[in-house]
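Novice: Below is structure-v3.cif; it holds mmCIF, C-alpha atoms.
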data_data
#
loop_
_atom_site.label_atom_id
_atom_site.label_comp_id
_atom_site.auth_asym_id
_atom_site.auth_seq_id
_atom_site.Cartn_x
_atom_site.Cartn_y
_atom_site.Cartn_z
CA MET A 1 0.00 0.00 0.00
CA ARG A 2 2.84 2.38 0.88
CA LYS A 3 4.51 1.71 -2.52
CA GLN A 4 1.25 2.52 -4.31
CA LEU A 5 0.85 5.76 -2.36
CA VAL A 6 4.42 6.84 -3.14
CA GLY A 7 3.90 5.94 -6.80
CA ILE A 8 0.62 7.88 -7.01
CA THR A 9 2.19 10.88 -5.29
CA ALA A 10 5.15 10.84 -7.69
CA LEU A 11 2.82 10.54 -10.66
CA ALA A 12 0.66 13.45 -9.43
CA ALA A 13 3.74 15.61 -8.80
CA THR A 14 5.05 14.86 -12.29
CA ALA A 15 1.67 15.71 -13.81
CA LEU A 16 1.57 19.01 -11.92
CA LEU A 17 5.10 19.84 -12.98
CA VAL A 18 4.39 19.09 -16.64
CA THR A 19 1.07 20.98 -16.56
CA GLY A 20 2.71 23.95 -14.85
CA CYS A 21 5.51 24.07 -17.42
CA ALA A 22 3.06 23.76 -20.28
CA SER A 23 0.88 26.61 -19.05
CA ASN A 24 3.93 28.85 -18.50
CA ALA A 25 5.21 28.03 -21.97
CA ALA A 26 1.87 29.10 -23.46
CA GLU A 27 2.16 32.59 -21.97
CA ALA A 28 3.88 35.05 -24.27
CA PRO A 29 7.13 36.18 -22.71
CA LYS A 30 7.32 39.88 -21.97
CA SER A 31 9.96 41.62 -24.01
CA ASP A 32 12.54 43.66 -22.18
CA VAL A 33 13.48 45.50 -25.37
CA LYS A 34 12.29 49.09 -25.23
CA PRO A 35 11.04 50.72 -28.44
CA THR A 36 13.04 53.59 -29.85
CA THR A 37 11.79 57.15 -29.83
CA ASP A 38 11.43 56.95 -33.61
CA GLN A 39 9.28 53.81 -33.32
CA ILE A 40 6.93 55.64 -30.96
CA LYS A 41 6.85 58.72 -33.21
CA ALA A 42 5.91 56.45 -36.13
CA LEU A 43 2.71 55.48 -34.30
CA PHE A 44 1.36 58.96 -35.04
CA ALA A 45 1.95 58.36 -38.75
CA ASP A 46 -0.06 55.13 -38.48
CA TRP A 47 -2.89 56.97 -36.71
CA ASN A 48 -2.79 59.79 -39.28
CA ALA A 49 -2.95 57.20 -42.09
CA ALA A 50 -6.05 55.74 -40.43
CA LEU A 51 -7.59 59.26 -40.49
CA ALA A 52 -6.82 59.48 -44.21
CA THR A 53 -9.00 56.41 -44.88
CA GLY A 54 -12.06 58.38 -43.77
CA ASP A 55 -13.21 55.28 -41.88
CA ALA A 56 -14.01 55.93 -38.21
CA GLN A 57 -13.82 52.20 -37.45
CA LYS A 58 -10.23 52.04 -38.73
CA VAL A 59 -9.28 55.02 -36.59
CA ALA A 60 -10.94 53.42 -33.55
CA ASP A 61 -8.91 50.26 -34.21
CA ARG A 62 -5.83 52.26 -33.15
CA TYR A 63 -7.35 52.61 -29.64
CA ALA A 64 -7.34 50.00 -26.86
CA PRO A 65 -10.73 48.69 -25.69
CA ASN A 66 -10.36 50.65 -22.43
CA ALA A 67 -9.05 53.84 -24.09
CA VAL A 68 -10.07 57.35 -23.14
CA LEU A 69 -10.22 60.10 -25.76
CA LEU A 70 -10.39 63.77 -24.78
CA PRO A 71 -10.97 65.17 -28.28
CA THR A 72 -10.09 68.53 -29.77
CA VAL A 73 -13.49 69.59 -31.04
CA SER A 74 -15.90 67.98 -28.58
CA ASN A 75 -16.60 68.59 -24.91
CA GLN A 76 -17.58 64.95 -24.38
CA VAL A 77 -15.04 62.54 -22.89
CA ARG A 78 -15.05 59.38 -25.02
CA SER A 79 -14.41 56.20 -23.04
CA THR A 80 -16.02 53.47 -25.13
CA ARG A 81 -15.32 52.28 -28.65
CA ALA A 82 -18.79 53.44 -29.74
CA GLU A 83 -18.12 56.95 -28.38
CA ILE A 84 -14.71 57.08 -30.06
CA VAL A 85 -16.19 55.94 -33.37
CA ASP A 86 -18.96 58.54 -33.02
CA TYR A 87 -16.40 61.31 -32.51
CA PHE A 88 -14.36 60.30 -35.54
CA GLU A 89 -17.45 59.90 -37.75
CA HIS A 90 -18.00 63.63 -37.27
CA PHE A 91 -14.36 64.73 -37.21
CA LEU A 92 -13.51 62.83 -40.41
CA GLN A 93 -16.11 64.85 -42.33
CA ASN A 94 -13.54 67.69 -42.20
CA LYS A 95 -10.93 65.53 -43.99
CA PRO A 96 -8.27 66.03 -41.31
CA SER A 97 -4.58 65.56 -41.90
CA GLY A 98 -2.20 66.03 -39.00
CA THR A 99 1.40 67.22 -38.88
CA ILE A 100 3.51 67.05 -35.74
CA LEU A 101 5.03 70.43 -34.88
CA ASP A 102 6.80 69.46 -31.65
CA SER A 103 7.11 65.98 -30.12
CA HIS A 104 8.43 64.82 -26.74
CA VAL A 105 8.56 61.04 -26.38
CA ALA A 106 9.02 59.20 -23.09
CA VAL A 107 9.58 55.46 -23.41
CA LEU A 108 8.53 54.09 -20.03
CA ASP A 109 9.34 50.43 -20.62
CA ALA A 110 9.07 47.79 -23.33
CA ASP A 111 5.27 48.07 -23.42
CA ASP A 112 4.43 51.66 -22.48
CA ALA A 113 5.28 55.05 -23.97
CA ILE A 114 4.01 58.62 -24.11
CA ASP A 115 4.21 61.11 -26.98
CA ALA A 116 3.22 64.67 -26.09
CA GLY A 117 3.60 67.91 -28.00
CA THR A 118 1.82 70.04 -30.57
CA TYR A 119 0.32 69.27 -33.94
CA ARG A 120 -1.47 71.07 -36.74
CA PHE A 121 -4.51 69.76 -38.54
CA ALA A 122 -5.34 70.76 -42.08
CA LEU A 123 -9.13 70.61 -42.37
CA THR A 124 -11.80 71.38 -44.92
CA LYS A 125 -14.78 73.13 -43.35
CA ASP A 126 -17.69 74.20 -45.51
CA GLY A 127 -15.52 73.55 -48.56
CA LYS A 128 -12.78 75.91 -47.35
CA PRO A 129 -9.32 74.82 -46.20
CA THR A 130 -8.34 75.79 -42.66
CA THR A 131 -5.86 74.74 -40.00
CA VAL A 132 -6.12 74.13 -36.28
CA ASP A 133 -3.10 74.00 -33.98
CA ALA A 134 -3.49 71.85 -30.88
CA ARG A 135 -1.63 70.28 -28.00
CA TYR A 136 -1.68 66.49 -27.75
CA THR A 137 -0.78 63.59 -25.53
CA PHE A 138 -0.86 60.00 -26.75
CA VAL A 139 -0.30 57.28 -24.16
CA TYR A 140 0.52 53.99 -25.86
CA GLU A 141 0.52 50.44 -24.54
CA LYS A 142 1.61 47.30 -26.33
CA VAL A 143 -1.34 44.90 -26.17
CA ASP A 144 -0.91 41.41 -27.64
CA GLY A 145 2.12 42.63 -29.57
CA LYS A 146 0.35 45.68 -31.06
CA TRP A 147 0.81 49.30 -29.99
CA LEU A 148 -2.55 50.84 -29.07
CA ILE A 149 -3.63 54.23 -27.74
CA VAL A 150 -4.90 53.97 -24.16
CA ASN A 151 -5.25 57.71 -23.59
CA HIS A 152 -5.42 60.54 -26.14
CA HIS A 153 -5.84 64.15 -25.11
CA SER A 154 -6.05 66.90 -27.70
CA SER A 155 -6.89 70.55 -27.09
CA ALA A 156 -6.81 73.54 -29.37
CA MET A 157 -4.11 76.07 -28.60
CA PRO A 158 -5.50 78.78 -26.34
CA GLU A 159 -3.31 81.50 -27.86
CA LYS A 160 -2.81 82.40 -31.52
CA VAL A 161 0.64 81.46 -32.78
#
Show the structure stored in the file as C-alpha cells.
Specialist:
Amino acid sequence: MRKQLVGITALAATALLVTGCASNAAEAPKSDVKPTTDQIKALFADWNAALATGDAQKVADRYAPNAVLLPTVSNQVRSTRAEIVDYFEHFLQNKPSGTILDSHVAVLDADDAIDAGTYRFALTKDGKPTTVDARYTFVYEKVDGKWLIVNHHSSAMPEKV
C-alpha cells in the first residue's frame, strides 16, 4: 500500500510539474526590449494614415478597448469604442490631416510610452481649407504585440501662434 501511495504521489507531482511548465510556456514572454523614440513617433503616422481612410472604425482600431479620448473639437469625454467611433465619424467629415510640430517622447518600458507635444490639422470646413493647432498627448501600450492608444488628449491652442 505504501509503494502505491508513493507511486501515485510521484505521478501526481510529475503531472503538476508538466502541466505547470506547459501553461507557462503558453504565456507570451514579456519583451525587455524598449522601443526607440522613432518607433513611438511612427505610431502617429499610423494613426494619421487611419484618419486618411475616412473610416471611423479604422481610426478606432488604433485605440485599446479601455481607451479614453479627450478630443479637440468635442466637450464629451469618449471612453467606449462606440463613443470614439462617433467622434471620428463627425471629425472625419472635415478631412483632417495632422502634422507634428513638436514631439516629446518618453519610453517608459518595453510596453508603455508617451508622446506629447503640438500638432497642426489641415481641415476642410464648408468647402474651405483651414488649419487648427493643438496640443496632444498619446499614451501607448503594447497589447498582444500591437501598440494601441490607451489615452489621447487633444486641445486647441488657447493662444494664436
Novice: Go through the shown structure with the PyMOL selection byres ((chain A and resi 43-52) around 12) and write out the matching residues as a ChimeraX atom specification.
Specialist: /A:35-42,53-63,85,88-100,103,105,113-123,136-142,146-149,152
Novice: In Å, with one decimal, what is the gap from CA of Ala67 in chain A to CA of Lys34 in chain A?
Specialist: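 If I compute the distance from CA of Ala67 in chain A to CA of Lys34 in chain A, I get 21.9 Å.
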Novice: Expressed in Å to a single decimal, how great is the separation between CA of Asp111 in chain A and CA of Arg135 in chain A?
Specialist: 23.7 Å
Novice: In Å, how far is it from CA of Glu83 in chain A to CA of Ala134 in chain A?
Specialist: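 Atom-to-atom, CA of Glu83 in chain A and CA of Ala134 in chain A are spaced 21.0 Å apart.
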Novice: Which protein, DNA or RNA residues are at most 10 Å from (-9.5, 60.9, -20.9) in the file's coordinates when you count only C-alpha atoms, listed as a ChimeraX atom specification?
Specialist: /A:67-71,76-79,150-154
Novice: Output C-alpha atoms for every residue in the selection just made, as a short mmCIF file (atom, residue, chain, number, x, y, z; two decimals), in the frame of the given file.
Specialist:
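selection_10.cif, written as the output of this step:
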data_model
loop_
_atom_site.label_atom_id
_atom_site.label_comp_id
_atom_site.auth_asym_id
_atom_site.auth_seq_id
_atom_site.Cartn_x
_atom_site.Cartn_y
_atom_site.Cartn_z
CA ALA A 67 -9.05 53.84 -24.09
CA VAL A 68 -10.07 57.35 -23.14
CA LEU A 69 -10.22 60.10 -25.76
CA LEU A 70 -10.39 63.77 -24.78
CA PRO A 71 -10.97 65.17 -28.28
CA GLN A 76 -17.58 64.95 -24.38
CA VAL A 77 -15.04 62.54 -22.89
CA ARG A 78 -15.05 59.38 -25.02
CA SER A 79 -14.41 56.20 -23.04
CA VAL A 150 -4.90 53.97 -24.16
CA ASN A 151 -5.25 57.71 -23.59
CA HIS A 152 -5.42 60.54 -26.14
CA HIS A 153 -5.84 64.15 -25.11
CA SER A 154 -6.05 66.90 -27.70
#
Novice: Calculated over all atoms listed in the file, which of the candidates A:Asp32, A:Lys128, A:Asp102, A:Met157 has the smallest distance to Val73 in chain A?
Specialist: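 Between A:Asp32, A:Lys128, A:Asp102, A:Met157, the residue approaching Val73 in chain A most closely is A:Met157.
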Novice: N, CA, C and O atoms are needed for range 51-66 of chain A; please write them out as a compact mmCIF listing (two decimals), in the coordinates of the input.
Specialist:
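Saved as rebuild23.txt:
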# COMPACT_ATOMS: atom_id res chain seq x y z
N LEU A 51 -6.71 58.10 -40.23
CA LEU A 51 -7.59 59.26 -40.49
C LEU A 51 -7.82 59.42 -41.99
O LEU A 51 -8.93 59.70 -42.43
N ALA A 52 -6.75 59.26 -42.76
CA ALA A 52 -6.82 59.48 -44.21
C ALA A 52 -7.76 58.50 -44.91
O ALA A 52 -8.26 58.79 -46.00
N THR A 53 -8.07 57.36 -44.27
CA THR A 53 -9.00 56.41 -44.88
C THR A 53 -10.43 56.94 -44.84
O THR A 53 -11.29 56.48 -45.60
N GLY A 54 -10.70 57.88 -43.92
CA GLY A 54 -12.06 58.38 -43.77
C GLY A 54 -12.98 57.41 -43.05
O GLY A 54 -14.18 57.65 -42.95
N ASP A 55 -12.43 56.33 -42.53
CA ASP A 55 -13.21 55.28 -41.88
C ASP A 55 -13.03 55.36 -40.36
O ASP A 55 -11.95 55.04 -39.83
N ALA A 56 -14.07 55.77 -39.66
CA ALA A 56 -14.01 55.93 -38.21
C ALA A 56 -13.68 54.62 -37.49
O ALA A 56 -13.02 54.63 -36.45
N GLN A 57 -14.12 53.50 -38.05
CA GLN A 57 -13.82 52.20 -37.45
C GLN A 57 -12.31 51.92 -37.49
O GLN A 57 -11.75 51.40 -36.53
N LYS A 58 -11.68 52.26 -38.61
CA LYS A 58 -10.23 52.04 -38.73
C LYS A 58 -9.45 52.93 -37.77
O LYS A 58 -8.44 52.52 -37.23
N VAL A 59 -9.93 54.14 -37.56
CA VAL A 59 -9.28 55.02 -36.59
C VAL A 59 -9.47 54.43 -35.19
O VAL A 59 -8.50 54.34 -34.42
N ALA A 60 -10.66 53.99 -34.88
CA ALA A 60 -10.94 53.42 -33.55
C ALA A 60 -10.13 52.15 -33.31
O ALA A 60 -9.82 51.84 -32.15
N ASP A 61 -9.74 51.46 -34.36
CA ASP A 61 -8.91 50.26 -34.21
C ASP A 61 -7.54 50.59 -33.63
O ASP A 61 -6.86 49.70 -33.11
N ARG A 62 -7.13 51.83 -33.70
CA ARG A 62 -5.83 52.26 -33.15
C ARG A 62 -5.91 52.45 -31.62
O ARG A 62 -4.90 52.66 -30.98
N TYR A 63 -7.13 52.38 -31.06
CA TYR A 63 -7.35 52.61 -29.64
C TYR A 63 -7.61 51.29 -28.91
O TYR A 63 -8.27 50.40 -29.45
N ALA A 64 -7.10 51.18 -27.69
CA ALA A 64 -7.34 50.00 -26.86
C ALA A 64 -8.81 49.96 -26.45
O ALA A 64 -9.48 51.00 -26.43
N PRO A 65 -9.33 48.79 -26.10
CA PRO A 65 -10.73 48.69 -25.69
C PRO A 65 -11.07 49.57 -24.48
O PRO A 65 -12.20 50.02 -24.36
N ASN A 66 -10.11 49.84 -23.62
CA ASN A 66 -10.36 50.65 -22.43
C ASN A 66 -9.84 52.09 -22.60
O ASN A 66 -9.67 52.80 -21.61
